[in-house]
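Trainee: Structure: start-v6.pdb, PDB, C-alpha atoms and all ligand atoms.
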```pdb
ATOM      1  CA  MET A 148       0.000   0.000   0.000  1.00  0.00           C
ATOM      2  CA  LYS A 149       2.920   2.298   0.674  1.00  0.00           C
ATOM      3  CA  ARG A 150       4.049   1.939  -2.914  1.00  0.00           C
ATOM      4  CA  LYS A 151       0.580   2.779  -4.190  1.00  0.00           C
ATOM      5  CA  ARG A 152       0.533   5.939  -2.101  1.00  0.00           C
ATOM      6  CA  GLN A 153       3.874   6.979  -3.565  1.00  0.00           C
ATOM      7  CA  ILE A 154       2.509   6.516  -7.052  1.00  0.00           C
ATOM      8  CA  ILE A 155      -0.533   8.630  -6.264  1.00  0.00           C
ATOM      9  CA  GLN A 156       1.724  11.346  -4.871  1.00  0.00           C
ATOM     10  CA  LEU A 157       3.786  11.238  -8.038  1.00  0.00           C
ATOM     11  CA  VAL A 158       0.666  11.556 -10.167  1.00  0.00           C
ATOM     12  CA  ILE A 159      -0.533  14.529  -8.133  1.00  0.00           C
ATOM     13  CA  ALA A 160       2.908  16.146  -8.386  1.00  0.00           C
ATOM     14  CA  GLY A 161       2.814  15.533 -12.122  1.00  0.00           C
ATOM     15  CA  ILE A 162      -0.518  17.309 -12.455  1.00  0.00           C
ATOM     16  CA  PHE A 163       0.784  20.365 -10.640  1.00  0.00           C
ATOM     17  CA  LEU A 164       4.007  20.421 -12.630  1.00  0.00           C
ATOM     18  CA  THR A 165       2.082  20.177 -15.882  1.00  0.00           C
ATOM     19  CA  LEU A 166      -0.425  22.931 -15.149  1.00  0.00           C
ATOM     20  CA  PRO A 167       1.931  25.899 -15.754  1.00  0.00           C
ATOM     21  CA  LEU A 168       3.053  24.318 -19.036  1.00  0.00           C
ATOM     22  CA  LEU A 169      -0.539  23.943 -20.193  1.00  0.00           C
ATOM     23  CA  ALA A 170      -1.230  27.525 -19.211  1.00  0.00           C
ATOM     24  CA  ALA A 171       1.812  28.673 -21.182  1.00  0.00           C
ATOM     25  CA  CYS A 172       0.737  26.722 -24.260  1.00  0.00           C
ATOM     26  CA  ALA A 173      -2.761  28.168 -24.142  1.00  0.00           C
ATOM     27  CA  SER A 174      -1.488  31.729 -24.101  1.00  0.00           C
ATOM     28  CA  SER A 175       0.088  33.670 -26.900  1.00  0.00           C
ATOM     29  CA  GLU A 176       3.858  33.390 -27.122  1.00  0.00           C
ATOM     30  CA  GLU A 177       4.563  36.928 -26.075  1.00  0.00           C
ATOM     31  CA  ASN A 178       2.002  37.300 -23.377  1.00  0.00           C
ATOM     32  CA  VAL A 179       1.900  34.713 -20.643  1.00  0.00           C
ATOM     33  CA  GLN A 180      -0.079  35.225 -17.491  1.00  0.00           C
ATOM     34  CA  ALA A 181       0.448  33.586 -14.164  1.00  0.00           C
ATOM     35  CA  GLY A 182      -0.575  34.156 -10.617  1.00  0.00           C
ATOM     36  CA  ALA A 183      -3.412  31.704 -10.179  1.00  0.00           C
ATOM     37  CA  ASP A 184      -1.602  30.278  -7.169  1.00  0.00           C
ATOM     38  CA  GLY A 185      -3.505  32.442  -4.733  1.00  0.00           C
ATOM     39  CA  SER A 186      -0.437  34.446  -3.761  1.00  0.00           C
ATOM     40  CA  GLY A 187      -1.935  37.648  -5.105  1.00  0.00           C
ATOM     41  CA  SER A 188       0.958  38.015  -7.529  1.00  0.00           C
ATOM     42  CA  THR A 189      -0.090  38.474 -11.130  1.00  0.00           C
ATOM     43  CA  LEU A 190       2.796  38.657 -13.551  1.00  0.00           C
ATOM     44  CA  THR A 191       2.748  39.191 -17.287  1.00  0.00           C
ATOM     45  CA  ILE A 192       5.905  38.349 -19.214  1.00  0.00           C
ATOM     46  CA  GLN A 193       6.312  39.828 -22.675  1.00  0.00           C
ATOM     47  CA  ASP A 194       8.772  40.528 -25.479  1.00  0.00           C
ATOM     48  CA  VAL A 195      11.103  37.647 -24.631  1.00  0.00           C
ATOM     49  CA  TRP A 196      14.138  37.434 -26.927  1.00  0.00           C
ATOM     50  CA  ALA A 197      17.713  36.183 -26.929  1.00  0.00           C
ATOM     51  CA  ARG A 198      20.820  37.064 -28.908  1.00  0.00           C
ATOM     52  CA  SER A 199      21.795  34.851 -31.799  1.00  0.00           C
ATOM     53  CA  GLU A 200      25.113  33.148 -31.066  1.00  0.00           C
ATOM     54  CA  ALA A 201      26.983  29.980 -31.947  1.00  0.00           C
ATOM     55  CA  SER A 202      27.186  26.874 -29.794  1.00  0.00           C
ATOM     56  CA  GLY A 203      30.032  27.114 -27.275  1.00  0.00           C
ATOM     57  CA  HIS A 204      29.659  30.865 -26.895  1.00  0.00           C
ATOM     58  CA  ASN A 205      27.656  32.916 -24.402  1.00  0.00           C
ATOM     59  CA  SER A 206      24.366  34.681 -24.964  1.00  0.00           C
ATOM     60  CA  ALA A 207      21.684  36.536 -23.050  1.00  0.00           C
ATOM     61  CA  ALA A 208      17.911  36.872 -22.976  1.00  0.00           C
ATOM     62  CA  TYR A 209      15.835  39.973 -22.393  1.00  0.00           C
ATOM     63  CA  LEU A 210      12.173  40.446 -21.470  1.00  0.00           C
ATOM     64  CA  GLN A 211       9.654  42.579 -19.669  1.00  0.00           C
ATOM     65  CA  ILE A 212       7.909  41.583 -16.464  1.00  0.00           C
ATOM     66  CA  ILE A 213       4.697  43.431 -15.580  1.00  0.00           C
ATOM     67  CA  ASN A 214       3.424  42.996 -12.039  1.00  0.00           C
ATOM     68  CA  GLU A 215      -0.260  43.865 -12.068  1.00  0.00           C
ATOM     69  CA  GLY A 216      -0.842  42.297  -8.691  1.00  0.00           C
ATOM     70  CA  ASP A 217      -0.701  43.950  -5.292  1.00  0.00           C
ATOM     71  CA  SER A 218       2.204  41.893  -3.972  1.00  0.00           C
ATOM     72  CA  ASN A 219       5.891  42.387  -4.543  1.00  0.00           C
ATOM     73  CA  ASP A 220       7.704  39.490  -6.136  1.00  0.00           C
ATOM     74  CA  LEU A 221      11.294  38.549  -6.931  1.00  0.00           C
ATOM     75  CA  LEU A 222      12.845  36.894  -9.967  1.00  0.00           C
ATOM     76  CA  ILE A 223      15.190  34.451  -8.261  1.00  0.00           C
ATOM     77  CA  GLY A 224      16.369  32.207 -11.081  1.00  0.00           C
ATOM     78  CA  ALA A 225      16.088  31.097 -14.675  1.00  0.00           C
ATOM     79  CA  TYR A 226      16.742  27.951 -16.666  1.00  0.00           C
ATOM     80  CA  ALA A 227      16.916  26.984 -20.333  1.00  0.00           C
ATOM     81  CA  ASN A 228      18.194  23.732 -21.807  1.00  0.00           C
ATOM     82  CA  ILE A 229      20.193  25.545 -24.509  1.00  0.00           C
ATOM     83  CA  ALA A 230      23.201  26.342 -22.302  1.00  0.00           C
ATOM     84  CA  GLU A 231      25.429  24.703 -19.696  1.00  0.00           C
ATOM     85  CA  THR A 232      24.684  27.462 -17.179  1.00  0.00           C
ATOM     86  CA  THR A 233      21.857  29.987 -16.846  1.00  0.00           C
ATOM     87  CA  GLU A 234      22.148  32.878 -14.386  1.00  0.00           C
ATOM     88  CA  ILE A 235      20.434  36.199 -13.741  1.00  0.00           C
ATOM     89  CA  HIS A 236      22.784  39.150 -14.160  1.00  0.00           C
ATOM     90  CA  ASP A 237      22.971  42.901 -13.811  1.00  0.00           C
ATOM     91  CA  VAL A 238      25.383  45.319 -15.450  1.00  0.00           C
ATOM     92  CA  VAL A 239      27.231  47.597 -13.044  1.00  0.00           C
ATOM     93  CA  SER A 240      29.774  50.364 -13.461  1.00  0.00           C
ATOM     94  CA  GLU A 241      33.039  49.721 -11.656  1.00  0.00           C
ATOM     95  CA  ASN A 242      35.796  52.343 -12.051  1.00  0.00           C
ATOM     96  CA  ASP A 243      34.003  53.598 -15.160  1.00  0.00           C
ATOM     97  CA  VAL A 244      34.081  50.116 -16.658  1.00  0.00           C
ATOM     98  CA  MET A 245      30.772  48.421 -17.357  1.00  0.00           C
ATOM     99  CA  LYS A 246      30.798  44.838 -16.204  1.00  0.00           C
ATOM    100  CA  MET A 247      28.143  42.275 -15.527  1.00  0.00           C
ATOM    101  CA  GLN A 248      27.660  40.258 -12.394  1.00  0.00           C
ATOM    102  CA  GLU A 249      25.325  37.589 -11.121  1.00  0.00           C
ATOM    103  CA  VAL A 250      22.538  38.731  -8.804  1.00  0.00           C
ATOM    104  CA  ASP A 251      20.519  36.659  -6.335  1.00  0.00           C
ATOM    105  CA  GLU A 252      17.248  38.317  -7.229  1.00  0.00           C
ATOM    106  CA  ILE A 253      15.588  41.027  -9.295  1.00  0.00           C
ATOM    107  CA  PRO A 254      12.824  42.875  -7.427  1.00  0.00           C
ATOM    108  CA  ILE A 255       9.458  42.970  -9.221  1.00  0.00           C
ATOM    109  CA  ALA A 256       7.477  45.462  -7.146  1.00  0.00           C
ATOM    110  CA  ALA A 257       3.666  45.519  -7.163  1.00  0.00           C
ATOM    111  CA  GLY A 258       2.340  47.690  -9.960  1.00  0.00           C
ATOM    112  CA  GLU A 259       5.742  48.001 -11.618  1.00  0.00           C
ATOM    113  CA  THR A 260       7.141  46.928 -14.972  1.00  0.00           C
ATOM    114  CA  VAL A 261      10.722  45.674 -14.884  1.00  0.00           C
ATOM    115  CA  SER A 262      12.682  45.436 -18.119  1.00  0.00           C
ATOM    116  CA  LEU A 263      15.530  43.026 -18.610  1.00  0.00           C
ATOM    117  CA  GLU A 264      17.301  44.812 -21.418  1.00  0.00           C
ATOM    118  CA  PRO A 265      20.732  45.290 -22.982  1.00  0.00           C
ATOM    119  CA  GLY A 266      22.958  47.241 -20.592  1.00  0.00           C
ATOM    120  CA  GLY A 267      20.976  46.172 -17.520  1.00  0.00           C
ATOM    121  CA  PHE A 268      19.360  43.112 -16.024  1.00  0.00           C
ATOM    122  CA  HIS A 269      19.519  40.049 -18.262  1.00  0.00           C
ATOM    123  CA  VAL A 270      19.287  36.270 -18.244  1.00  0.00           C
ATOM    124  CA  MET A 271      22.818  35.018 -18.951  1.00  0.00           C
ATOM    125  CA  PHE A 272      23.617  31.853 -20.869  1.00  0.00           C
ATOM    126  CA  PHE A 273      27.136  30.461 -20.511  1.00  0.00           C
ATOM    127  CA  ASP A 274      28.450  27.825 -22.929  1.00  0.00           C
ATOM    128  CA  LEU A 275      25.590  27.390 -25.359  1.00  0.00           C
ATOM    129  CA  THR A 276      24.963  23.734 -26.143  1.00  0.00           C
ATOM    130  CA  HIS A 277      22.969  24.672 -29.271  1.00  0.00           C
ATOM    131  CA  ASP A 278      23.375  27.271 -31.983  1.00  0.00           C
ATOM    132  CA  LEU A 279      20.949  30.131 -31.419  1.00  0.00           C
ATOM    133  CA  THR A 280      19.961  31.190 -34.913  1.00  0.00           C
ATOM    134  CA  GLU A 281      17.762  34.154 -35.731  1.00  0.00           C
ATOM    135  CA  GLY A 282      14.139  33.033 -35.781  1.00  0.00           C
ATOM    136  CA  ASP A 283      14.701  30.046 -33.481  1.00  0.00           C
ATOM    137  CA  GLU A 284      12.544  29.685 -30.398  1.00  0.00           C
ATOM    138  CA  PHE A 285      13.275  27.975 -27.112  1.00  0.00           C
ATOM    139  CA  GLU A 286      11.638  27.600 -23.728  1.00  0.00           C
ATOM    140  CA  LEU A 287      12.873  29.725 -20.862  1.00  0.00           C
ATOM    141  CA  ASP A 288      11.837  28.926 -17.296  1.00  0.00           C
ATOM    142  CA  LEU A 289      11.642  31.922 -14.990  1.00  0.00           C
ATOM    143  CA  ILE A 290      11.527  31.215 -11.262  1.00  0.00           C
ATOM    144  CA  PHE A 291       9.774  33.722  -9.026  1.00  0.00           C
ATOM    145  CA  ASP A 292       9.711  33.817  -5.253  1.00  0.00           C
ATOM    146  CA  ARG A 293       5.897  34.110  -5.057  1.00  0.00           C
ATOM    147  CA  ALA A 294       4.530  33.263  -8.504  1.00  0.00           C
ATOM    148  CA  GLY A 295       6.696  30.146  -8.814  1.00  0.00           C
ATOM    149  CA  GLU A 296       7.941  28.903 -12.154  1.00  0.00           C
ATOM    150  CA  ILE A 297       6.697  30.513 -15.368  1.00  0.00           C
ATOM    151  CA  THR A 298       7.772  29.084 -18.725  1.00  0.00           C
ATOM    152  CA  VAL A 299       7.909  31.488 -21.646  1.00  0.00           C
ATOM    153  CA  THR A 300       9.014  31.198 -25.261  1.00  0.00           C
ATOM    154  CA  ALA A 301      12.123  33.175 -26.214  1.00  0.00           C
ATOM    155  CA  GLU A 302      12.651  34.225 -29.824  1.00  0.00           C
ATOM    156  CA  VAL A 303      16.224  34.436 -31.115  1.00  0.00           C
ATOM    157  CA  ARG A 304      17.087  37.734 -32.753  1.00  0.00           C
ATOM    158  CA  ASP A 305      20.151  38.759 -34.646  1.00  0.00           C
ATOM    159  CA  HIS A 306      22.659  41.089 -33.027  1.00  0.00           C
ATOM    160  CA  THR A 307      25.397  43.302 -34.350  1.00  0.00           C
ATOM    161  CA  PRO A 308      28.385  41.136 -35.277  1.00  0.00           C
ATOM    162  CA  GLY A 309      31.390  41.849 -33.118  1.00  0.00           C
ATOM    163  CA  HIS A 310      33.195  40.322 -30.237  1.00  0.00           C
ATOM    164  CA  GLY A 311      30.098  38.485 -29.149  1.00  0.00           C
ATOM    165  CA  HIS A 312      29.850  40.235 -25.819  1.00  0.00           C
ATOM    166  CA  GLY A 313      27.672  43.156 -26.813  1.00  0.00           C
ATOM    167  CA  TYR A 314      26.143  43.290 -23.338  1.00  0.00           C
ATOM    168  CA  ARG A 315      29.248  45.222 -22.325  1.00  0.00           C
ATOM    169  CA  ASP A 316      28.362  47.937 -24.808  1.00  0.00           C
ATOM    170  CA  PRO A 317      24.871  49.148 -23.979  1.00  0.00           C
ATOM    171  CA  GLY A 318      25.239  52.083 -26.361  1.00  0.00           C
ATOM    172  CA  GLN A 319      25.880  49.918 -29.384  1.00  0.00           C
ATOM    173  CA  GLY A 320      22.669  50.017 -31.364  1.00  0.00           C
ATOM    174  CA  GLY A 321      20.640  49.100 -28.320  1.00  0.00           C
ATOM    175  CA  LEU A 322      22.667  45.953 -27.893  1.00  0.00           C
TER     176      LEU A 322
HETATM  177 CU    CU B 401      25.700  38.460 -18.098  1.00  0.00          CU
END
```
Would you encode the structure as structure tokens?
Mentor:
Amino acid sequence: MKRKRQIIQLVIAGIFLTLPLLAACASSEENVQAGADGSGSTLTIQDVWARSEASGHNSAAYLQIINEGDSNDLLIGAYANIAETTEIHDVVSENDVMKMQEVDEIPIAAGETVSLEPGGFHVMFFDLTHDLTEGDEFELDLIFDRAGEITVTAEVRDHTPGHGHGYRDPGQGGL
């Protein structure tokens, strides 16, 4: 009987894990709603894109998070299966040199819109395991303190050819 109970628990866990995916599929690619967890946090994620880059290199993803709820939330992590490592980063100025660094969390205050954009907050991909070619799409899991995990679709866009680390140059054509 103990084994049967474990199976039932697995099935229940499976249902809950699947629900956000179903919700994501039912929504339009660029506009995914979450917040049905009773936490009072209602987040909308839109305009999700990532830089085109070759396998083995690094890339980054950008997006907007709109918090229409009345509770503050935090972006505390991200994951995509296109890179060895996914982190959340900010760009800071240190001795007049722009550099990026990992952050533990990005605050998403109630009523606010937070942009992850070139020259600022971004989702960092180290060591791409796939080529990211313009027009490709991949799933990006965003992990929030209150809203939980939200899976969105990122669209790969071309970026200005160069040294491949355009995030250091926020003035360069918006990249
Ligand atoms: Cu970075």
Trainee: Starting from the shown file, work through the PyMOL selection byres (((not hetatm)) within 7 of (chain B and resi 401)) and note down what comes out as a PyMOL selection string.
Mentor: chain A and resi 207+236-237+247-248+269-271
Trainee: Since I can't run it myself right now, could you work out what the PyMOL selection byres (((chain A and resi 222) around 12) and not hetatm) selects here and report it as a PyMOL selection string?
Mentor: chain A and resi 190+192+211-214+219-221+223-226+234-236+250-256+261-263+268-270+288-297
Trainee: Please identify every residue of stretch 200-220 of chain A that has at least one atom no farther than 7 Å from an atom of stretch 278-283 of chain A, counting all atoms listed in the file, and for each give the shortest atom pair and the distance in Å to one decimal, arranged by chain then increasing number, as JSON lines.
Mentor:
```
{"residue": "A:Glu200", "atom": "CA", "partner": "A:Leu279", "partner_atom": "CA", "distance": 5.2}
{"residue": "A:Ala201", "atom": "CA", "partner": "A:Asp278", "partner_atom": "CA", "distance": 4.5}
{"residue": "A:Ser202", "atom": "CA", "partner": "A:Asp278", "partner_atom": "CA", "distance": 4.4}
```
Trainee: Mind writing the picked residues with C-alpha atoms as a PDB file, keeping the file's coordinate frame?
Mentor:
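Printed below is out.pdb as written:
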```
ATOM      1  CA  GLU A 200      25.113  33.148 -31.066  1.00  0.00           C
ATOM      2  CA  ALA A 201      26.983  29.980 -31.947  1.00  0.00           C
ATOM      3  CA  SER A 202      27.186  26.874 -29.794  1.00  0.00           C
TER       4      SER A 202
END
```
Trainee: I'd like the interatomic distance between atom CA of A:Glu264 and atom CA of A:Leu210, to a tenth of an Å.
Mentor: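 Computed distance, atom CA of A:Glu264 to atom CA of A:Leu210, equals 6.7 Å.
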Trainee: In Å, with one decimal, what is the gap from atom CA of A:Val239 to atom CA of A:Asp217?
Mentor: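 Value for the atom CA of A:Val239-atom CA of A:Asp217 distance: 29.2 Å.
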Trainee: Which centre and which edge lengths, in Å to one decimal, describe the axis-aligned box that holds all listed atoms of stretch 203-213 of chain A after 6 Å is added on each side, as lines of an AutoDock Vina configuration file?
Mentor:
```
center_x = 17.4
center_y = 35.3
center_z = -21.4
size_x = 37.3
size_y = 28.3
size_z = 23.7
```
Trainee: Can you tell me how far atom CA of A:Asp194 sits from atom CA of A:Phe272, in Å to one decimal?
Mentor: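 Taking atom CA of A:Asp194 as the start and atom CA of A:Phe272 as the end point, the length is 17.8 Å.
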Trainee: Taking the point (8.2, 32.8, -28.4) as given in the file, collect each protein or nucleic acid residue that comes within 8 Å of it, counting all atoms listed in the file, and present the set as a list of chain:residue names.
Mentor: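 The residues near that point, listed by chain and number, are A:Glu176, A:Glu177, A:Val195, A:Trp196, A:Glu284, A:Phe285, A:Glu286, A:Val299, A:Thr300, A:Ala301, A:Glu302.
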Trainee: Restricting the calculation to all atoms listed in the file, which member of A:Ala208, A:Arg198, A:Asp305, A:Ser218 is positioned closest to A:Ala257?
Mentor: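 Once distances to A:Ala257 are computed over all atoms listed in the file, the minimum belongs to A:Ser218.
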